[in-house]
>>> print(open('run_1.cif').read())   # mmCIF, C-alpha atoms, pLDDT in the B column; chains and numbers go by the auth columns
data_query
#
loop_
_atom_site.group_PDB
_atom_site.id
_atom_site.type_symbol
_atom_site.label_atom_id
_atom_site.label_comp_id
_atom_site.label_asym_id
_atom_site.label_seq_id
_atom_site.Cartn_x
_atom_site.Cartn_y
_atom_site.Cartn_z
_atom_site.B_iso_or_equiv
_atom_site.auth_seq_id
_atom_site.auth_asym_id
ATOM 1 C CA GLN A 1 -5.341 -8.303 0.856 60.00 11 A
ATOM 2 C CA GLN A 2 -6.603 -5.296 -1.026 73.00 12 A
ATOM 3 C CA GLN A 3 -10.277 -6.113 -0.524 89.00 13 A
ATOM 4 C CA VAL A 4 -12.808 -4.199 1.502 94.00 14 A
ATOM 5 C CA LYS A 5 -15.810 -6.352 2.410 95.00 15 A
ATOM 6 C CA GLN A 6 -19.122 -4.580 2.991 96.00 16 A
ATOM 7 C CA SER A 7 -22.434 -5.785 4.411 96.00 17 A
ATOM 8 C CA PRO A 8 -25.355 -5.891 4.109 97.00 18 A
ATOM 9 C CA GLN A 9 -25.941 -5.625 0.383 94.00 19 A
ATOM 10 C CA SER A 10 -29.287 -3.942 0.999 96.00 20 A
ATOM 11 C CA LEU A 11 -31.005 -2.489 4.047 97.00 21 A
ATOM 12 C CA ILE A 12 -34.501 -1.247 4.812 98.00 22 A
ATOM 13 C CA VAL A 13 -34.992 0.954 7.867 98.00 23 A
ATOM 14 C CA GLN A 14 -38.036 2.757 9.200 98.00 24 A
ATOM 15 C CA LYS A 15 -37.957 6.552 9.336 98.00 25 A
ATOM 16 C CA GLY A 16 -36.398 7.642 12.597 98.00 26 A
ATOM 17 C CA GLY A 17 -34.499 4.384 13.052 98.00 27 A
ATOM 18 C CA ILE A 18 -30.757 3.700 13.068 98.00 28 A
ATOM 19 C CA SER A 19 -29.084 2.442 9.889 98.00 29 A
ATOM 20 C CA ILE A 20 -25.883 0.450 10.351 98.00 30 A
ATOM 21 C CA ILE A 21 -23.522 -0.638 7.582 98.00 31 A
ATOM 22 C CA ASN A 22 -20.411 -2.682 8.285 98.00 32 A
ATOM 23 C CA CYS A 23 -17.072 -3.038 6.555 98.00 33 A
ATOM 24 C CA ALA A 24 -13.922 -5.086 7.065 97.00 34 A
ATOM 25 C CA TYR A 25 -10.482 -4.683 5.563 96.00 35 A
ATOM 26 C CA GLU A 26 -7.343 -6.782 5.447 94.00 36 A
ATOM 27 C CA ASN A 27 -4.436 -4.495 4.659 92.00 37 A
ATOM 28 C CA THR A 28 -3.214 -2.956 7.927 91.00 38 A
ATOM 29 C CA ALA A 29 -1.311 -0.319 5.953 91.00 39 A
ATOM 30 C CA PHE A 30 -4.540 1.468 5.040 93.00 40 A
ATOM 31 C CA ASP A 31 -4.695 4.785 6.869 91.00 41 A
ATOM 32 C CA TYR A 32 -7.804 6.504 5.532 94.00 42 A
ATOM 33 C CA PHE A 33 -11.348 5.148 5.605 96.00 43 A
ATOM 34 C CA PRO A 34 -13.992 7.198 3.775 96.00 44 A
ATOM 35 C CA TRP A 35 -17.657 6.565 3.205 98.00 45 A
ATOM 36 C CA TYR A 36 -19.177 7.686 -0.070 97.00 46 A
ATOM 37 C CA GLN A 37 -22.883 8.261 -0.728 98.00 47 A
ATOM 38 C CA GLN A 38 -24.406 7.808 -4.180 96.00 48 A
ATOM 39 C CA PHE A 39 -27.888 8.888 -5.264 96.00 49 A
ATOM 40 C CA PRO A 40 -29.477 7.552 -8.470 92.00 50 A
ATOM 41 C CA GLY A 41 -28.126 9.347 -11.524 89.00 51 A
ATOM 42 C CA LYS A 42 -25.235 10.854 -9.590 92.00 52 A
ATOM 43 C CA GLY A 43 -21.657 9.897 -8.916 94.00 53 A
ATOM 44 C CA PRO A 44 -20.466 8.930 -5.428 96.00 54 A
ATOM 45 C CA ALA A 45 -19.721 11.828 -3.085 96.00 55 A
ATOM 46 C CA LEU A 46 -17.665 11.842 0.099 96.00 56 A
ATOM 47 C CA LEU A 47 -19.917 11.677 3.153 97.00 57 A
ATOM 48 C CA ILE A 48 -17.566 11.243 6.104 97.00 58 A
ATOM 49 C CA ALA A 49 -14.092 9.796 6.685 96.00 59 A
ATOM 50 C CA ILE A 50 -11.889 8.629 9.540 95.00 60 A
ATOM 51 C CA ARG A 51 -8.225 7.890 10.199 93.00 61 A
ATOM 52 C CA PRO A 52 -7.206 4.945 12.420 91.00 62 A
ATOM 53 C CA ASP A 53 -5.864 7.113 15.236 92.00 63 A
ATOM 54 C CA VAL A 54 -9.418 7.685 16.511 93.00 64 A
ATOM 55 C CA SER A 55 -12.169 5.179 17.294 95.00 65 A
ATOM 56 C CA GLU A 56 -15.148 7.333 16.377 97.00 66 A
ATOM 57 C CA LYS A 57 -16.035 10.348 14.265 97.00 67 A
ATOM 58 C CA LYS A 58 -19.387 12.079 14.247 97.00 68 A
ATOM 59 C CA GLU A 59 -20.791 14.588 11.782 96.00 69 A
ATOM 60 C CA GLY A 60 -24.409 15.432 12.421 97.00 70 A
ATOM 61 C CA ARG A 61 -26.471 12.248 12.207 98.00 71 A
ATOM 62 C CA PHE A 62 -23.605 10.264 10.673 98.00 72 A
ATOM 63 C CA THR A 63 -21.041 8.421 12.817 98.00 73 A
ATOM 64 C CA ILE A 64 -18.134 6.190 11.877 97.00 74 A
ATOM 65 C CA SER A 65 -17.055 3.635 14.468 97.00 75 A
ATOM 66 C CA PHE A 66 -13.567 2.227 13.926 97.00 76 A
ATOM 67 C CA ASN A 67 -12.068 -0.911 15.485 96.00 77 A
ATOM 68 C CA LYS A 68 -8.414 -1.107 14.510 94.00 78 A
ATOM 69 C CA SER A 69 -7.679 -4.433 16.216 94.00 79 A
ATOM 70 C CA ALA A 70 -10.607 -6.136 14.473 96.00 80 A
ATOM 71 C CA LYS A 71 -9.919 -4.330 11.191 96.00 81 A
ATOM 72 C CA GLN A 72 -13.549 -3.290 11.001 97.00 82 A
ATOM 73 C CA PHE A 73 -15.423 -0.028 10.691 98.00 83 A
ATOM 74 C CA SER A 74 -19.061 0.884 10.415 98.00 84 A
ATOM 75 C CA LEU A 75 -21.363 3.733 9.466 98.00 85 A
ATOM 76 C CA HIS A 76 -24.267 4.604 11.745 98.00 86 A
ATOM 77 C CA ILE A 77 -27.040 6.900 10.533 98.00 87 A
ATOM 78 C CA MET A 78 -29.125 8.149 13.432 98.00 88 A
ATOM 79 C CA ASP A 79 -32.749 9.279 12.993 98.00 89 A
ATOM 80 C CA SER A 80 -32.717 7.956 9.412 98.00 90 A
ATOM 81 C CA GLN A 81 -34.737 10.032 6.944 98.00 91 A
ATOM 82 C CA PRO A 82 -36.213 9.213 3.507 97.00 92 A
ATOM 83 C CA GLY A 83 -33.646 11.594 2.010 97.00 93 A
ATOM 84 C CA ASP A 84 -30.906 9.248 3.251 98.00 94 A
ATOM 85 C CA SER A 85 -32.083 6.587 0.793 98.00 95 A
ATOM 86 C CA ALA A 86 -29.035 5.996 -1.397 97.00 96 A
ATOM 87 C CA THR A 87 -26.209 3.550 -2.005 96.00 97 A
ATOM 88 C CA TYR A 88 -23.363 3.761 0.494 98.00 98 A
ATOM 89 C CA PHE A 89 -19.803 2.644 -0.213 97.00 99 A
ATOM 90 C CA CYS A 90 -17.143 2.125 2.393 97.00 100 A
ATOM 91 C CA ALA A 91 -13.583 2.433 1.220 96.00 101 A
ATOM 92 C CA ALA A 92 -9.969 2.325 2.305 95.00 102 A
ATOM 93 C CA SER A 93 -6.822 3.907 1.003 92.00 103 A
ATOM 94 C CA LEU A 94 -3.173 4.454 1.761 86.00 104 A
ATOM 95 C CA THR A 95 -2.323 8.138 1.853 80.00 105 A
ATOM 96 C CA SER A 96 0.386 9.238 -0.520 77.00 106 A
ATOM 97 C CA TYR A 97 1.429 12.836 -0.171 72.00 107 A
ATOM 98 C CA SER A 98 2.941 13.092 -3.616 74.00 108 A
ATOM 99 C CA SER A 99 0.851 10.932 -5.921 79.00 109 A
ATOM 100 C CA ALA A 100 -2.694 10.198 -6.971 81.00 110 A
ATOM 101 C CA SER A 101 -4.929 8.578 -4.373 82.00 111 A
ATOM 102 C CA LYS A 102 -5.826 4.919 -4.759 86.00 112 A
ATOM 103 C CA ILE A 103 -9.110 4.027 -3.105 91.00 113 A
ATOM 104 C CA ILE A 104 -10.363 0.467 -2.644 92.00 114 A
ATOM 105 C CA PHE A 105 -14.170 0.461 -2.519 93.00 115 A
ATOM 106 C CA GLY A 106 -16.566 -1.974 -0.928 94.00 116 A
ATOM 107 C CA SER A 107 -19.375 -3.439 -2.997 93.00 117 A
ATOM 108 C CA GLY A 108 -22.006 -0.992 -1.714 94.00 118 A
ATOM 109 C CA THR A 109 -25.155 -1.080 0.412 96.00 119 A
ATOM 110 C CA ARG A 110 -28.472 0.068 -0.993 96.00 120 A
ATOM 111 C CA LEU A 111 -30.298 1.790 1.867 98.00 121 A
ATOM 112 C CA SER A 112 -34.037 2.459 1.748 98.00 122 A
ATOM 113 C CA ILE A 113 -35.740 4.483 4.475 98.00 123 A
ATOM 114 C CA ARG A 114 -39.448 3.742 4.782 96.00 124 A
ATOM 115 C CA PRO A 115 -41.656 6.723 5.654 91.00 125 A
ATOM 116 C CA GLU B 1 -20.133 24.419 -14.869 59.00 29 B
ATOM 117 C CA THR B 2 -18.848 23.256 -11.538 78.00 30 B
ATOM 118 C CA GLY B 3 -17.301 20.053 -10.240 94.00 31 B
ATOM 119 C CA VAL B 4 -16.823 17.144 -12.615 97.00 32 B
ATOM 120 C CA THR B 5 -18.942 16.828 -15.739 97.00 33 B
ATOM 121 C CA GLN B 6 -19.308 13.861 -18.086 98.00 34 B
ATOM 122 C CA THR B 7 -20.762 13.545 -21.569 97.00 35 B
ATOM 123 C CA PRO B 8 -22.730 11.871 -22.874 97.00 36 B
ATOM 124 C CA ARG B 9 -24.861 10.790 -19.921 97.00 37 B
ATOM 125 C CA HIS B 10 -26.241 7.810 -21.842 97.00 38 B
ATOM 126 C CA LEU B 11 -24.747 5.897 -24.763 96.00 39 B
ATOM 127 C CA VAL B 12 -25.974 2.887 -26.702 95.00 40 B
ATOM 128 C CA MET B 13 -23.554 1.351 -29.156 93.00 41 B
ATOM 129 C CA GLY B 14 -23.107 -1.740 -31.222 90.00 42 B
ATOM 130 C CA MET B 15 -20.103 -4.009 -30.863 88.00 43 B
ATOM 131 C CA THR B 16 -18.498 -2.652 -34.026 87.00 44 B
ATOM 132 C CA ASN B 17 -18.917 1.040 -33.204 88.00 45 B
ATOM 133 C CA LYS B 18 -16.263 3.478 -32.065 93.00 46 B
ATOM 134 C CA LYS B 19 -17.260 6.102 -29.506 95.00 47 B
ATOM 135 C CA SER B 20 -15.633 8.318 -26.888 97.00 48 B
ATOM 136 C CA LEU B 21 -16.595 9.340 -23.376 98.00 49 B
ATOM 137 C CA LYS B 22 -15.592 12.794 -22.183 98.00 50 B
ATOM 138 C CA CYS B 23 -14.851 14.053 -18.692 98.00 51 B
ATOM 139 C CA GLU B 24 -14.060 17.608 -17.632 98.00 52 B
ATOM 140 C CA GLN B 25 -13.136 18.810 -14.154 97.00 53 B
ATOM 141 C CA HIS B 26 -13.491 22.430 -13.061 96.00 54 B
ATOM 142 C CA LEU B 27 -11.768 22.004 -9.684 96.00 55 B
ATOM 143 C CA GLY B 28 -8.168 22.732 -10.604 95.00 56 B
ATOM 144 C CA HIS B 29 -7.135 19.161 -9.781 94.00 57 B
ATOM 145 C CA ASN B 30 -4.104 17.402 -11.254 92.00 58 B
ATOM 146 C CA ALA B 31 -5.118 13.738 -11.044 94.00 59 B
ATOM 147 C CA MET B 32 -7.972 12.063 -12.938 95.00 60 B
ATOM 148 C CA TYR B 33 -9.466 8.590 -12.870 95.00 61 B
ATOM 149 C CA TRP B 34 -11.749 6.278 -14.823 96.00 62 B
ATOM 150 C CA TYR B 35 -13.884 3.749 -12.936 96.00 63 B
ATOM 151 C CA LYS B 36 -16.315 1.075 -14.097 96.00 64 B
ATOM 152 C CA GLN B 37 -19.408 0.528 -11.946 95.00 65 B
ATOM 153 C CA SER B 38 -21.369 -2.678 -12.502 91.00 66 B
ATOM 154 C CA ALA B 39 -24.356 -3.883 -10.513 84.00 67 B
ATOM 155 C CA LYS B 40 -23.513 -5.479 -7.169 72.00 68 B
ATOM 156 C CA LYS B 41 -19.747 -5.130 -7.717 80.00 69 B
ATOM 157 C CA PRO B 42 -17.229 -2.743 -6.186 82.00 70 B
ATOM 158 C CA LEU B 43 -16.157 0.218 -8.236 90.00 71 B
ATOM 159 C CA GLU B 44 -13.364 -0.990 -10.494 91.00 72 B
ATOM 160 C CA LEU B 45 -10.483 1.412 -11.037 92.00 73 B
ATOM 161 C CA MET B 46 -9.522 1.372 -14.717 94.00 74 B
ATOM 162 C CA PHE B 47 -7.013 4.155 -15.289 94.00 75 B
ATOM 163 C CA VAL B 48 -5.211 6.823 -13.284 93.00 76 B
ATOM 164 C CA TYR B 49 -3.604 9.956 -14.672 93.00 77 B
ATOM 165 C CA SER B 50 -1.259 12.083 -12.592 89.00 78 B
ATOM 166 C CA LEU B 51 -0.129 15.399 -14.092 86.00 79 B
ATOM 167 C CA GLU B 52 -1.465 14.186 -17.453 82.00 80 B
ATOM 168 C CA GLU B 53 0.676 11.050 -17.349 85.00 81 B
ATOM 169 C CA ARG B 54 -0.891 7.610 -17.088 84.00 82 B
ATOM 170 C CA VAL B 55 0.363 6.046 -13.879 81.00 83 B
ATOM 171 C CA GLU B 56 -1.910 3.048 -13.591 77.00 84 B
ATOM 172 C CA ASN B 57 -3.687 0.702 -15.948 77.00 85 B
ATOM 173 C CA ASN B 58 -5.463 -2.061 -14.061 76.00 86 B
ATOM 174 C CA SER B 59 -5.331 -4.837 -16.658 85.00 87 B
ATOM 175 C CA VAL B 60 -7.996 -3.159 -18.743 92.00 88 B
ATOM 176 C CA PRO B 61 -8.632 -4.666 -22.201 93.00 89 B
ATOM 177 C CA SER B 62 -7.144 -2.729 -25.089 93.00 90 B
ATOM 178 C CA ARG B 63 -10.620 -1.999 -26.467 95.00 91 B
ATOM 179 C CA PHE B 64 -10.636 0.775 -23.832 96.00 92 B
ATOM 180 C CA SER B 65 -8.144 3.537 -24.628 95.00 93 B
ATOM 181 C CA PRO B 66 -7.760 6.568 -22.331 95.00 94 B
ATOM 182 C CA GLU B 67 -6.467 9.989 -23.288 95.00 95 B
ATOM 183 C CA CYS B 68 -5.611 12.944 -21.062 95.00 96 B
ATOM 184 C CA PRO B 69 -4.729 15.966 -23.240 94.00 97 B
ATOM 185 C CA ASN B 70 -4.521 18.356 -20.271 94.00 98 B
ATOM 186 C CA SER B 71 -5.207 18.393 -16.543 92.00 99 B
ATOM 187 C CA SER B 72 -8.870 19.346 -17.019 95.00 100 B
ATOM 188 C CA HIS B 73 -9.937 16.816 -19.630 97.00 101 B
ATOM 189 C CA LEU B 74 -10.037 13.045 -19.777 97.00 102 B
ATOM 190 C CA PHE B 75 -11.362 10.822 -22.535 97.00 103 B
ATOM 191 C CA LEU B 76 -12.144 7.136 -22.795 97.00 104 B
ATOM 192 C CA HIS B 77 -12.123 5.880 -26.369 97.00 105 B
ATOM 193 C CA LEU B 78 -14.175 2.757 -26.984 96.00 106 B
ATOM 194 C CA HIS B 79 -14.006 0.288 -29.870 94.00 107 B
ATOM 195 C CA THR B 80 -15.256 -3.234 -30.550 93.00 108 B
ATOM 196 C CA LEU B 81 -16.823 -3.496 -27.104 93.00 109 B
ATOM 197 C CA GLN B 82 -18.591 -6.557 -25.739 94.00 110 B
ATOM 198 C CA PRO B 83 -22.047 -6.729 -24.107 93.00 111 B
ATOM 199 C CA GLU B 84 -20.362 -7.365 -20.724 93.00 112 B
ATOM 200 C CA ASP B 85 -18.800 -3.916 -20.997 95.00 113 B
ATOM 201 C CA SER B 86 -22.233 -2.406 -20.389 95.00 114 B
ATOM 202 C CA ALA B 87 -21.934 -0.448 -17.134 96.00 115 B
ATOM 203 C CA LEU B 88 -21.805 3.015 -15.605 96.00 116 B
ATOM 204 C CA TYR B 89 -18.462 4.645 -16.350 98.00 117 B
ATOM 205 C CA LEU B 90 -17.427 7.185 -13.755 98.00 118 B
ATOM 206 C CA CYS B 91 -14.771 9.836 -13.986 98.00 119 B
ATOM 207 C CA ALA B 92 -13.184 11.335 -10.869 97.00 120 B
ATOM 208 C CA SER B 93 -10.540 13.901 -10.049 96.00 121 B
ATOM 209 C CA SER B 94 -8.395 14.780 -7.057 94.00 122 B
ATOM 210 C CA GLN B 95 -5.512 16.939 -6.012 92.00 123 B
ATOM 211 C CA LEU B 96 -2.213 15.054 -5.750 88.00 124 B
ATOM 212 C CA GLY B 97 -1.366 14.276 -2.139 85.00 125 B
ATOM 213 C CA THR B 98 -4.974 14.392 -0.926 87.00 126 B
ATOM 214 C CA ASP B 99 -7.340 11.502 -0.287 87.00 127 B
ATOM 215 C CA THR B 100 -10.709 12.724 -1.536 91.00 128 B
ATOM 216 C CA GLN B 101 -11.845 12.006 -5.073 94.00 129 B
ATOM 217 C CA TYR B 102 -14.646 13.984 -6.693 95.00 130 B
ATOM 218 C CA PHE B 103 -16.860 12.041 -9.066 97.00 131 B
ATOM 219 C CA GLY B 104 -18.831 13.020 -12.117 97.00 132 B
ATOM 220 C CA PRO B 105 -22.384 11.724 -12.678 96.00 133 B
ATOM 221 C CA GLY B 106 -21.204 8.960 -14.996 97.00 134 B
ATOM 222 C CA THR B 107 -22.020 7.731 -18.495 97.00 135 B
ATOM 223 C CA ARG B 108 -24.483 4.840 -18.666 96.00 136 B
ATOM 224 C CA LEU B 109 -23.137 2.645 -21.482 96.00 137 B
ATOM 225 C CA THR B 110 -25.131 -0.112 -23.135 95.00 138 B
ATOM 226 C CA VAL B 111 -23.425 -2.376 -25.669 94.00 139 B
ATOM 227 C CA LEU B 112 -25.787 -4.273 -27.926 92.00 140 B
#
>>> encode(input="run_1.cif", output="C-alpha cells")
Amino acid sequence: QQQVKQSPQSLIVQKGGISIINCAYENTAFDYFPWYQQFPGKGPALLIAIRPDVSEKKEGRFTISFNKSAKQFSLHIMDSQPGDSATYFCAASLTSYSSASKIIFGSGTRLSIRP
Amino acid sequence: ETGVTQTPRHLVMGMTNKKSLKCEQHLGHNAMYWYKQSAKKPLELMFVYSLEERVENNSVPSRFSPECPNSSHLFLHLHTLQPEDSALYLCASSQLGTDTQYFGPGTRLTVL
C-alpha cells in the first residue's frame, strides 16, 4: 500500500513536443505529491508538487494533473526542450508537522528530448 | 559551500575494506536521510535522523552503520560490503514539519 507506480520507464520526445509521465498510488492518506528531477551526476531536486485539494498545478512549462478518485497523477512538460532531458521521479508523502518527512518514490522515468 | 555536499563522489572498495561516506548540509535543517539508488529501482530510504536522533532504520543490514554527530553532518560507515551494495548513495536534508527534501550529488560506490 506504500508503493508509487510510475510509467513509462523511459521516454523519447521530439523537441517542442509534450512529455507525459504517469504515476499511481494506493495509500489514500498521502497528502503531498512532488515530482523530482535528476540530472546525471546530481541528486534529485524538487521540480513541482501538488496537494490533493486541487486537480491541476502549473509552473511554467510543467503541469501536474491530479485525479484523486483514480489515485493517479501525471507530469506534463509542454514544449519539451533538450535541457529537460533527465530522470523524473514521482513521489508521495504524508505530511507530518512535527517530524521528518517520509517520501515514497516511484521508480523513475528517463526522459530524452531529441533535437 | 551551499546546499548539501557529499564526499567522496566516487569510491571503489573491496569486500573486506572499511570506509565512510560523509554528508554535510549548509541549509540549517534538522533532519537528515540516507538513500540507496540502484538502477531501475525506486530510491530506497535507509536511515532517517531527526534532531540528531535516529528515528528510522528500514531493515538495513548491519554492515551499514550511520552516525549523526550534529545537525549538519551525517556519516555512513561501511564494512564487509557485498557486490550487490554497489549503488549511488544519496544524502538529503529537510526541516522538520516540511515536505521538501534537499539532496546531495551522491557517492557512487563500487564494491569489488
>>> residues_around(input="run_1.cif", residues="Asn58 (chain B)", least_positions_apart="4", cutoff="8 Å", atoms="only C-alpha atoms", output="compact mmCIF listing (two decimals) with C-alpha atoms, in the frame of the given file")
# COMPACT_ATOMS: atom_id res chain seq x y z
CA SER B 78 -1.26 12.08 -12.59
CA LEU B 79 -0.13 15.40 -14.09
CA GLU B 80 -1.46 14.19 -17.45
CA SER B 99 -5.21 18.39 -16.54
CA SER B 100 -8.87 19.35 -17.02
CA SER B 121 -10.54 13.90 -10.05
CA SER B 122 -8.40 14.78 -7.06
CA GLN B 123 -5.51 16.94 -6.01
CA LEU B 124 -2.21 15.05 -5.75
>>> closest_residue(input="run_1.cif", among="A:Gly116, A:Pro54, A:Pro125, A:Pro18", to="Gly93 (chain A)", atoms="all atoms listed in the file")
A:Pro125
>>> interface_residues(input="run_1.cif", of="chain B", to="chain A", cutoff="10 Å", atoms="only C-alpha atoms", output="MDAnalysis selection string")
chainID B and resid 32 37 58:61 65:73 76:79 83:84 116:136
>>> residues_near_point(input="run_1.cif", point="(-32.6, -6.9, 5.4)", cutoff="12 Å", atoms="only C-alpha atoms", output="PyMOL selection string")
chain A and resi 17-24+29-31+119-123
>>> atom_distance(input="run_1.cif", atom1="CA of Lys25 (chain A)", atom2="CA of Asp89 (chain A)")
6.9 Å
>>> residues_around(input="run_1.cif", residues="region 106-110 of chain B", least_positions_apart="6", cutoff="7 Å", atoms="only C-alpha atoms", output="list in words")
Met43, Thr44, Asn45, Lys46, Lys47, Ser48, Arg91, Phe92, Ser93 and Val139 of chain B
>>> residues_around(input="run_1.cif", residues="Gly70 (chain A)", least_positions_apart="5", cutoff="12 Å", atoms="all atoms listed in the file", output="VMD selection string")
chain A and resid 57 to 58 86 to 90
>>> atom_distance(input="run_1.cif", atom1="CA of Glu52 (chain B)", atom2="CA of Thr33 (chain B)")
5.3 Å
>>> atom_distance(input="run_1.cif", atom1="CA of Tyr35 (chain A)", atom2="CA of Ser95 (chain A)")
24.8 Å
>>> resolve_selection(input="run_1.cif", expression="the PyMOL selection byres ((chain B and resi 30) around 9)", output="count of residues only")
7
>>> residues_around(input="run_1.cif", residues="Ser84 (chain A)", least_positions_apart="2", cutoff="6 Å", atoms="all atoms listed in the file", output="VMD selection string")
chain A and resid 31 to 33 74 to 75
>>> closest_residue(input="run_1.cif", among="B:Cys51, B:Val88, B:Val40, B:Cys96", to="Thr138 (chain B)", atoms="all atoms listed in the file")
B:Val40
>>> residues_around(input="run_1.cif", residues="Ala80 (chain A)", least_positions_apart="6", cutoff="12 Å", atoms="all atoms listed in the file", output="compact mmCIF listing (two decimals) with C-alpha atoms, in the frame of the given file")
# COMPACT_ATOMS: atom_id res chain seq x y z
CA CYS A 33 -17.07 -3.04 6.56
CA ALA A 34 -13.92 -5.09 7.06
CA TYR A 35 -10.48 -4.68 5.56
CA GLU A 36 -7.34 -6.78 5.45
CA ASN A 37 -4.44 -4.50 4.66
CA THR A 38 -3.21 -2.96 7.93
CA PRO A 62 -7.21 4.94 12.42
CA SER A 65 -12.17 5.18 17.29
>>> build_atoms(input="run_1.cif", residues="region 22-29 of chain A", atoms="all heavy atoms", output="PDB file, keeping the file's coordinate frame")
ATOM      1  N   ILE A  22     -33.279  -2.037   4.714  1.00 98.00           N
ATOM      2  CA  ILE A  22     -34.501  -1.247   4.812  1.00 98.00           C
ATOM      3  C   ILE A  22     -34.692  -0.860   6.273  1.00 98.00           C
ATOM      4  O   ILE A  22     -34.672  -1.720   7.155  1.00 98.00           O
ATOM      5  CB  ILE A  22     -35.728  -2.033   4.306  1.00 98.00           C
ATOM      6  CG1 ILE A  22     -35.541  -2.410   2.831  1.00 98.00           C
ATOM      7  CG2 ILE A  22     -37.000  -1.199   4.472  1.00 98.00           C
ATOM      8  CD1 ILE A  22     -36.630  -3.324   2.290  1.00 98.00           C
ATOM      9  N   VAL A  23     -34.858   0.428   6.510  1.00 98.00           N
ATOM     10  CA  VAL A  23     -34.992   0.954   7.867  1.00 98.00           C
ATOM     11  C   VAL A  23     -36.192   1.886   7.919  1.00 98.00           C
ATOM     12  O   VAL A  23     -36.461   2.625   6.962  1.00 98.00           O
ATOM     13  CB  VAL A  23     -33.701   1.717   8.267  1.00 98.00           C
ATOM     14  CG1 VAL A  23     -33.852   2.380   9.628  1.00 98.00           C
ATOM     15  CG2 VAL A  23     -32.508   0.771   8.276  1.00 98.00           C
ATOM     16  N   GLN A  24     -36.913   1.845   9.014  1.00 98.00           N
ATOM     17  CA  GLN A  24     -38.036   2.757   9.200  1.00 98.00           C
ATOM     18  C   GLN A  24     -37.516   4.166   9.488  1.00 98.00           C
ATOM     19  O   GLN A  24     -36.455   4.342  10.118  1.00 98.00           O
ATOM     20  CB  GLN A  24     -38.917   2.296  10.355  1.00 98.00           C
ATOM     21  CG  GLN A  24     -39.749   1.064  10.069  1.00 98.00           C
ATOM     22  CD  GLN A  24     -40.786   1.307   8.982  1.00 98.00           C
ATOM     23  OE1 GLN A  24     -40.820   0.601   7.977  1.00 98.00           O
ATOM     24  NE2 GLN A  24     -41.635   2.300   9.183  1.00 98.00           N
ATOM     25  N   LYS A  25     -38.287   5.155   9.044  1.00 98.00           N
ATOM     26  CA  LYS A  25     -37.957   6.552   9.336  1.00 98.00           C
ATOM     27  C   LYS A  25     -37.777   6.730  10.837  1.00 98.00           C
ATOM     28  O   LYS A  25     -38.589   6.271  11.636  1.00 98.00           O
ATOM     29  CB  LYS A  25     -39.073   7.458   8.823  1.00 98.00           C
ATOM     30  CG  LYS A  25     -38.841   8.937   9.079  1.00 98.00           C
ATOM     31  CD  LYS A  25     -40.025   9.766   8.583  1.00 98.00           C
ATOM     32  CE  LYS A  25     -39.851  11.226   8.960  1.00 98.00           C
ATOM     33  NZ  LYS A  25     -41.014  12.050   8.560  1.00 98.00           N
ATOM     34  N   GLY A  26     -36.681   7.411  11.189  1.00 98.00           N
ATOM     35  CA  GLY A  26     -36.398   7.642  12.597  1.00 98.00           C
ATOM     36  C   GLY A  26     -35.514   6.576  13.226  1.00 98.00           C
ATOM     37  O   GLY A  26     -35.009   6.757  14.341  1.00 98.00           O
ATOM     38  N   GLY A  27     -35.313   5.470  12.532  1.00 98.00           N
ATOM     39  CA  GLY A  27     -34.499   4.384  13.052  1.00 98.00           C
ATOM     40  C   GLY A  27     -33.003   4.598  12.813  1.00 98.00           C
ATOM     41  O   GLY A  27     -32.582   5.620  12.259  1.00 98.00           O
ATOM     42  N   ILE A  28     -32.210   3.635  13.242  1.00 98.00           N
ATOM     43  CA  ILE A  28     -30.757   3.700  13.068  1.00 98.00           C
ATOM     44  C   ILE A  28     -30.350   2.742  11.943  1.00 98.00           C
ATOM     45  O   ILE A  28     -30.702   1.561  11.972  1.00 98.00           O
ATOM     46  CB  ILE A  28     -30.027   3.308  14.366  1.00 98.00           C
ATOM     47  CG1 ILE A  28     -30.460   4.210  15.515  1.00 98.00           C
ATOM     48  CG2 ILE A  28     -28.509   3.388  14.160  1.00 98.00           C
ATOM     49  CD1 ILE A  28     -29.897   3.791  16.867  1.00 98.00           C
ATOM     50  N   SER A  29     -29.611   3.268  10.979  1.00 98.00           N
ATOM     51  CA  SER A  29     -29.084   2.442   9.889  1.00 98.00           C
ATOM     52  C   SER A  29     -27.624   2.128  10.200  1.00 98.00           C
ATOM     53  O   SER A  29     -26.862   3.032  10.563  1.00 98.00           O
ATOM     54  CB  SER A  29     -29.171   3.194   8.556  1.00 98.00           C
ATOM     55  OG  SER A  29     -30.501   3.613   8.283  1.00 98.00           O
TER      56      SER A  29
END
